[in-house]
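Colleague: I'd like to ask you about the structure that follows.
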Amino acid sequence: MDKPLTQNFRIEEEPPSIQEYEKSGGYMALRKALEIPPQDVQRLVKESNLRGRGGAGFQTGMKWSFVPMGPDAPRPKYYVVNADEMEPGTFKDRYLLENDPHQIIEGAIIGAYAIEAEFSYIFLRWEYRRAARRIEKAIAEAYQRGYLGKNILKSGMNLEMHLHVSAGRYMCGEEFGLLDALEGRRAHPRAKPPFPQVCGLWGRPTVVNNVETVANIRHIIMNGPEWYRGLSLSGDGGTKLFGVSGKVRRPGLWELPMGISLEELLVEHAGGMQEGYRLKGLLPGGASTDFLTHEHLQVKLDFDSVQQIGSRLGTGTVVVLDDKTCPVGMVHNLMEFFARESCGWCTPCREGLPWIEKTMAAIENGNGKPGDIEMLEEQTRLMAPGNTFCALAPGAMEPLQSAIKHFRDDFERHISERRCPWRK
Ligand SMILES: Cc1cc2nc3c(=O)[nH]c(=O)nc-3n(C[C@H](O)[C@H](O)[C@H](O)COP(=O)(O)O)c2cc1C
Ligand code: SF4
């Protein structure tokens with residue numbers, strides 16, 4: 001099968017230089033894009049049915065089409081690559097950034113052209129030091145070859161690109177939080193509308209796209225939307241980087257067709273469970289998705305199919321829970337993360353998450369009380385989507401509410417036995 005996103009990968013070595021990248025067809029898609037009007041680039045991406053890989057799965061071409069275009073549009077406009085990647089269990093963007101930085105840069109230039117942006121930022125997680133070095137080098141190479149700067153390839157397009165290394169908070173990955181941080185302020189979400197496509201960075205039209213989304217763009221332009229849709233086994237276009245972590249035989253990351261089954265990913269690619277461990281549950285797409293269990297193994301991994309069975313594809317990076325790990329302990333760990341990363345802007349999240357974390361710690365340590373589980377359930381309802389400014393708190397509730405649903409007996413045993421049954 002075609003693996004466009006990872007075709008240039010050679011793990012453990014330096015990524016392709018610009019000369020090597022060009023030899024494999026690099027920057028040809030940019031040349032092709034510059035020959036057609038920006039709106040046609042938007043149309044091709046729309047027809048490809050590329051859905052954003054940052055978690056929510058919004059159609060990329062559609063997102064671009066909300067940007068005001070033409071001579072009367074507010075300027076400058078910005079195209080921002082979201083490389084914050086701090087979701088526990090998610091590590092896909094790092095591979096793309098480290099192993100083929102020019103693929104991201106070419107995609108970002110085409111994205112910027114499609115919305116007529118003059119500036120582009122790559123907003124990178126602080127811990128990704130190797131990626132920072134490689135992206136920095138690749139941006140300098142692209143400037144030298146005339147793919148960035150003034151009058152790119154004599155097309156009249158101007159684009160300045162900068163790498164921004166973030167100070168590092170989970171909230172910096174949320175698109176308005178990210179824009180606040182870029183403006184040099186503390187990261188907070190903003191009320192929507194207006195959306196960033198209309199009023200984003202410094203109040204100007206801005207598109208924020210995830211790294212993996214951006215990596216797809218050059219392949220769509222090069223090979224066309226039909227080819228791109230044909231890579232997939234379902235309605236969502238393209239391939240996807242799927243990852244698996246936990247007690248499987250071969251934890252890792254693979255580029256596979258969108259729409260493969262969860263079972264195929266776990267068994268054929270991740271090698272099934274390690275000797276002596278059984279699958280108890282899994283988070284299909286990072287820490288802010290609902291647990292699935294055995295009964296869901298046939299689900300197709302695409303945005304709509306996973307949603308139909310009550311979870312989300314999220315970032316497509318599966319976290320496996322085995323039968324020797326305490327589910328209450330695992331969820332408590334996640335609640336510690338979310339409580340620490342709450343930006344404090346709205347009350348249910350600021351007050352609710354630390355309270356949940358304390359209750360979970362008490363249950364895990366044998367100090368839980370009858371009624372605690374019902375109180376936790378009540379909290380998940382209070383932090384349902386729409387009750388908070390951003391998706392951090394509702395996202396945090398997904399593993400909790402689904403753990404109570406699938407592993408309620410384990411919560412109850414902690415309380416009745418006044419200890420964690422997994423601790424010797
Ligand atoms: C708390 C929080 C953290 C997020 N972190 C990231 C992140 O690290 N990377 C990312 O691409 N999107 C992240 N998102 C989603 C972004 O807000 C945004 O939807 C995404 O970058 C859009 O890109 P896409 O359309 O290409 O998927 C986060 C959202 C929330 C609520
Ligand atoms: S949900 Fe949490 S992280 Fe999001 S705005 Fe409210 S307080 Fe901040």
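Residues in the structure tokens are named by chain (A, B, ... in the order shown) and by number from 1 within that chain; ligands are numbered from 1 in the order shown.
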Would you give me, as a ChimeraX atom specification, the residues in range 35-241 of chain A that DSSP reads as strand (DSSP E)?

Modeller: /A:78-83,119-124,149-152,157-165,206-210,239-241

Colleague: Contacts between ligand 1 and chain A, please, where a residue of chain A counts if it comes within 9 Å (with only C-alpha atoms and all ligand atoms); show its shortest atom pair and distance in Å to one decimal, rows by chain and ascending number, as CSV.

Modeller:
residue,atom,partner,partner_atom_place_in_ligand_line,distance
A:Arg51,CA,ligand 1,27 (O),7.0
A:Gly52,CA,ligand 1,27 (O),3.3
A:Arg53,CA,ligand 1,27 (O),4.2
A:Gly54,CA,ligand 1,27 (O),3.3
A:Gly55,CA,ligand 1,27 (O),5.6
A:Ala56,CA,ligand 1,19 (O),6.0
A:Gly57,CA,ligand 1,27 (O),5.7
A:Phe58,CA,ligand 1,25 (O),5.5
A:Gln59,CA,ligand 1,25 (O),7.0
A:Thr60,CA,ligand 1,25 (O),5.9
A:Lys63,CA,ligand 1,25 (O),7.4
A:Val80,CA,ligand 1,21 (O),8.9
A:Val81,CA,ligand 1,21 (O),7.6
A:Asn82,CA,ligand 1,11 (O),4.7
A:Ala83,CA,ligand 1,9 (N),5.6
A:Asp84,CA,ligand 1,8 (O),4.0
A:Glu85,CA,ligand 1,8 (O),3.4
A:Met86,CA,ligand 1,8 (O),5.2
A:Glu87,CA,ligand 1,8 (O),6.4
A:Thr90,CA,ligand 1,8 (O),9.0
A:Asp93,CA,ligand 1,9 (N),8.4
A:Leu124,CA,ligand 1,8 (O),8.9
A:Arg125,CA,ligand 1,8 (O),8.0
A:Arg169,CA,ligand 1,3 (C),8.8
A:Tyr170,CA,ligand 1,3 (C),5.4
A:Met171,CA,ligand 1,1 (C),4.7
A:Cys172,CA,ligand 1,3 (C),6.7
A:Gly173,CA,ligand 1,5 (N),3.3
A:Glu174,CA,ligand 1,17 (O),3.5
A:Glu175,CA,ligand 1,17 (O),3.9
A:Phe176,CA,ligand 1,17 (O),7.1
A:Gly177,CA,ligand 1,17 (O),8.1
A:Leu178,CA,ligand 1,17 (O),8.1
A:Pro189,CA,ligand 1,31 (C),8.3
A:Val207,CA,ligand 1,22 (C),8.4
A:Val208,CA,ligand 1,22 (C),5.6
A:Asn209,CA,ligand 1,26 (O),3.5
A:Asn210,CA,ligand 1,11 (O),3.6
A:Val211,CA,ligand 1,11 (O),6.3
A:Glu212,CA,ligand 1,26 (O),7.3
A:Thr213,CA,ligand 1,26 (O),4.8
A:Val214,CA,ligand 1,26 (O),7.0
A:Thr315,CA,ligand 1,10 (C),8.6
A:Phe338,CA,ligand 1,1 (C),8.9
A:Glu341,CA,ligand 1,1 (C),8.3
A:Ser342,CA,ligand 1,1 (C),8.3
A:Cys390,CA,ligand 1,31 (C),5.5
A:Ala391,CA,ligand 1,31 (C),4.1
A:Leu392,CA,ligand 1,1 (C),4.3
A:Ala393,CA,ligand 1,1 (C),8.1
A:Pro394,CA,ligand 1,31 (C),8.9
A:Gly395,CA,ligand 1,31 (C),7.5

Colleague: Which residues are close to Thr206 in chain A, i.e. within 8 Å by only C-alpha atoms, leaving aside same-chain residues fewer than 4 positions away? Reply as a list in words.

Modeller: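 Here the answer would be Val67, Lys77, Tyr78, Tyr79, Val80, Pro196, Gln197, Val198, Cys199, Gly200 and Leu201 of chain A.
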
Colleague: Would you work out the distance separating CA of Arg94 in chain A from CA of Tyr147 in chain A, expressed in Å to one decimal?

Modeller: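 Straight-line distance from CA of Arg94 in chain A to CA of Tyr147 in chain A works out to 23.3 Å.
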
Colleague: Mind checking which residues fall within 10 Å of Lys369 in chain A, counting only C-alpha atoms, ignoring those fewer than 6 positions away in the same chain, and posting them as a PDB file with N, CA and C atoms, in the first residue's frame?

Modeller:
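Result file out-v6.pdb:
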ATOM      1  N   THR A 359     -10.817  12.891  44.931  1.00  0.00           N
ATOM      2  CA  THR A 359     -11.754  11.781  45.168  1.00  0.00           C
ATOM      3  C   THR A 359     -11.181  10.479  44.595  1.00  0.00           C
ATOM      4  N   ALA A 362      -8.480   9.191  46.798  1.00  0.00           N
ATOM      5  CA  ALA A 362      -9.031   8.556  48.008  1.00  0.00           C
ATOM      6  C   ALA A 362      -9.521   7.143  47.675  1.00  0.00           C
ATOM      7  N   ILE A 363     -10.244   7.006  46.568  1.00  0.00           N
ATOM      8  CA  ILE A 363     -10.760   5.672  46.200  1.00  0.00           C
ATOM      9  C   ILE A 363      -9.587   4.719  45.975  1.00  0.00           C
ATOM     10  N   GLU A 412     -16.210  -0.111  42.683  1.00  0.00           N
ATOM     11  CA  GLU A 412     -16.950  -0.530  43.888  1.00  0.00           C
ATOM     12  C   GLU A 412     -16.092  -1.394  44.807  1.00  0.00           C
ATOM     13  N   HIS A 414     -12.884  -1.212  45.220  1.00  0.00           N
ATOM     14  CA  HIS A 414     -11.964  -0.326  45.953  1.00  0.00           C
ATOM     15  C   HIS A 414     -12.632   0.205  47.217  1.00  0.00           C
ATOM     16  N   ILE A 415     -13.920   0.584  47.072  1.00  0.00           N
ATOM     17  CA  ILE A 415     -14.616   1.210  48.207  1.00  0.00           C
ATOM     18  C   ILE A 415     -14.998   0.153  49.253  1.00  0.00           C
ATOM     19  N   SER A 416     -15.557  -0.988  48.788  1.00  0.00           N
ATOM     20  CA  SER A 416     -16.019  -1.976  49.781  1.00  0.00           C
ATOM     21  C   SER A 416     -14.841  -2.678  50.476  1.00  0.00           C
ATOM     22  N   ARG A 418     -11.904  -1.334  50.862  1.00  0.00           N
ATOM     23  CA  ARG A 418     -11.069  -0.285  51.455  1.00  0.00           C
ATOM     24  C   ARG A 418      -9.585  -0.454  51.094  1.00  0.00           C
TER      25      ARG A 418
END

Colleague: For ligand 2, which residue among A:Pro205, A:Gly61, A:Pro385, A:Gly371 is the nearest when counting only C-alpha atoms and all ligand atoms?

Modeller: A:Pro385

Colleague: Which residues are near Ile220 in chain A? Cut-off 12 Å, only C-alpha atoms, ignore same chain within fewer than 3 positions. Put them as a PyMOL selection string.

Modeller: chain A and resi 4-5+28-30+32-33+41-50+60-61+107+110-111+213-217+223-231+237-239

Colleague: Please, could you write that set of residues out with N, CA and C atoms as a short mmCIF file (atom, residue, chain, number, x, y, z; two decimals), in the first residue's frame?

Modeller:
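Now in part25.cif:
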data_model
loop_
_atom_site.label_atom_id
_atom_site.label_comp_id
_atom_site.auth_asym_id
_atom_site.auth_seq_id
_atom_site.Cartn_x
_atom_site.Cartn_y
_atom_site.Cartn_z
N PRO A 4 2.32 7.59 1.83
CA PRO A 4 2.90 8.88 1.43
C PRO A 4 3.57 9.63 2.57
N LEU A 5 2.97 9.61 3.74
CA LEU A 5 3.48 10.47 4.83
C LEU A 5 4.84 10.02 5.35
N MET A 28 7.67 19.83 -5.56
CA MET A 28 6.95 19.82 -6.84
C MET A 28 5.47 20.18 -6.62
N ALA A 29 4.93 19.74 -5.49
CA ALA A 29 3.52 20.05 -5.20
C ALA A 29 3.36 21.56 -5.01
N LEU A 30 4.36 22.19 -4.40
CA LEU A 30 4.28 23.65 -4.23
C LEU A 30 4.27 24.32 -5.61
N LYS A 32 3.24 23.09 -8.34
CA LYS A 32 1.94 22.83 -8.96
C LYS A 32 0.84 23.74 -8.36
N ALA A 33 0.89 23.88 -7.04
CA ALA A 33 -0.13 24.70 -6.37
C ALA A 33 -0.05 26.16 -6.85
N VAL A 41 -6.86 25.48 -4.85
CA VAL A 41 -6.14 24.63 -3.89
C VAL A 41 -7.10 24.25 -2.76
N GLN A 42 -7.86 25.24 -2.31
CA GLN A 42 -8.87 24.96 -1.26
C GLN A 42 -9.85 23.89 -1.74
N ARG A 43 -10.29 24.03 -3.00
CA ARG A 43 -11.29 23.08 -3.54
C ARG A 43 -10.73 21.66 -3.58
N LEU A 44 -9.46 21.52 -4.02
CA LEU A 44 -8.86 20.18 -4.09
C LEU A 44 -8.80 19.53 -2.70
N VAL A 45 -8.43 20.34 -1.72
CA VAL A 45 -8.32 19.80 -0.34
C VAL A 45 -9.72 19.44 0.18
N LYS A 46 -10.71 20.25 -0.18
CA LYS A 46 -12.08 19.94 0.22
C LYS A 46 -12.52 18.61 -0.40
N GLU A 47 -12.25 18.47 -1.71
CA GLU A 47 -12.67 17.25 -2.41
C GLU A 47 -11.95 15.99 -1.89
N SER A 48 -10.78 16.19 -1.31
CA SER A 48 -10.01 15.03 -0.82
C SER A 48 -10.64 14.43 0.44
N ASN A 49 -11.51 15.21 1.08
CA ASN A 49 -12.09 14.86 2.38
C ASN A 49 -11.01 14.57 3.44
N LEU A 50 -9.99 15.42 3.44
CA LEU A 50 -9.01 15.39 4.53
C LEU A 50 -9.68 15.98 5.76
N THR A 60 -10.70 19.87 6.60
CA THR A 60 -9.66 20.90 6.44
C THR A 60 -10.03 21.93 5.37
N GLY A 61 -10.49 21.45 4.19
CA GLY A 61 -10.83 22.38 3.11
C GLY A 61 -11.95 23.32 3.54
N GLY A 107 4.00 21.59 3.03
CA GLY A 107 2.55 21.60 3.28
C GLY A 107 2.10 22.95 3.83
N ILE A 110 2.00 25.60 1.11
CA ILE A 110 0.81 25.44 0.26
C ILE A 110 -0.44 25.89 1.02
N GLY A 111 -0.53 25.53 2.30
CA GLY A 111 -1.67 25.97 3.13
C GLY A 111 -1.73 27.49 3.20
N THR A 213 -2.09 16.89 9.73
CA THR A 213 -2.96 17.46 8.69
C THR A 213 -2.09 18.10 7.61
N VAL A 214 -1.14 18.92 8.07
CA VAL A 214 -0.28 19.67 7.14
C VAL A 214 0.55 18.71 6.29
N ALA A 215 0.99 17.61 6.88
CA ALA A 215 1.83 16.64 6.15
C ALA A 215 1.09 16.06 4.95
N ASN A 216 -0.24 16.00 5.03
CA ASN A 216 -1.04 15.41 3.94
C ASN A 216 -1.18 16.33 2.72
N ILE A 217 -1.01 17.63 2.94
CA ILE A 217 -1.42 18.60 1.91
C ILE A 217 -0.66 18.41 0.60
N ASN A 223 -1.09 14.43 -6.21
CA ASN A 223 -1.74 13.24 -6.80
C ASN A 223 -3.24 13.38 -7.00
N GLY A 224 -3.82 14.44 -6.49
CA GLY A 224 -5.25 14.68 -6.71
C GLY A 224 -6.14 14.08 -5.63
N PRO A 225 -7.34 14.66 -5.47
CA PRO A 225 -8.25 14.24 -4.39
C PRO A 225 -8.76 12.81 -4.55
N GLU A 226 -8.94 12.37 -5.81
CA GLU A 226 -9.47 11.01 -5.97
C GLU A 226 -8.48 9.97 -5.47
N TRP A 227 -7.22 10.16 -5.87
CA TRP A 227 -6.16 9.27 -5.40
C TRP A 227 -6.13 9.25 -3.88
N TYR A 228 -6.26 10.45 -3.29
CA TYR A 228 -6.18 10.56 -1.83
C TYR A 228 -7.33 9.82 -1.16
N ARG A 229 -8.53 10.00 -1.70
CA ARG A 229 -9.69 9.30 -1.11
C ARG A 229 -9.53 7.79 -1.26
N GLY A 230 -8.89 7.39 -2.37
CA GLY A 230 -8.70 5.97 -2.64
C GLY A 230 -7.73 5.29 -1.68
N LEU A 231 -6.91 6.06 -0.97
CA LEU A 231 -5.98 5.47 0.01
C LEU A 231 -6.73 4.88 1.20
N GLY A 237 -10.78 10.70 3.96
CA GLY A 237 -9.69 10.47 3.01
C GLY A 237 -8.37 10.10 3.65
N GLY A 238 -7.51 9.39 2.87
CA GLY A 238 -6.10 9.27 3.20
C GLY A 238 -5.68 8.14 4.11
N THR A 239 -4.40 8.20 4.45
CA THR A 239 -3.85 7.29 5.45
C THR A 239 -3.84 8.04 6.78
#

Colleague: Between A:Leu256, A:Ala187, A:Leu153, A:Ala132, which one has atoms that come closest to Gly344 in chain A, using only C-alpha atoms?

Modeller: A:Ala187
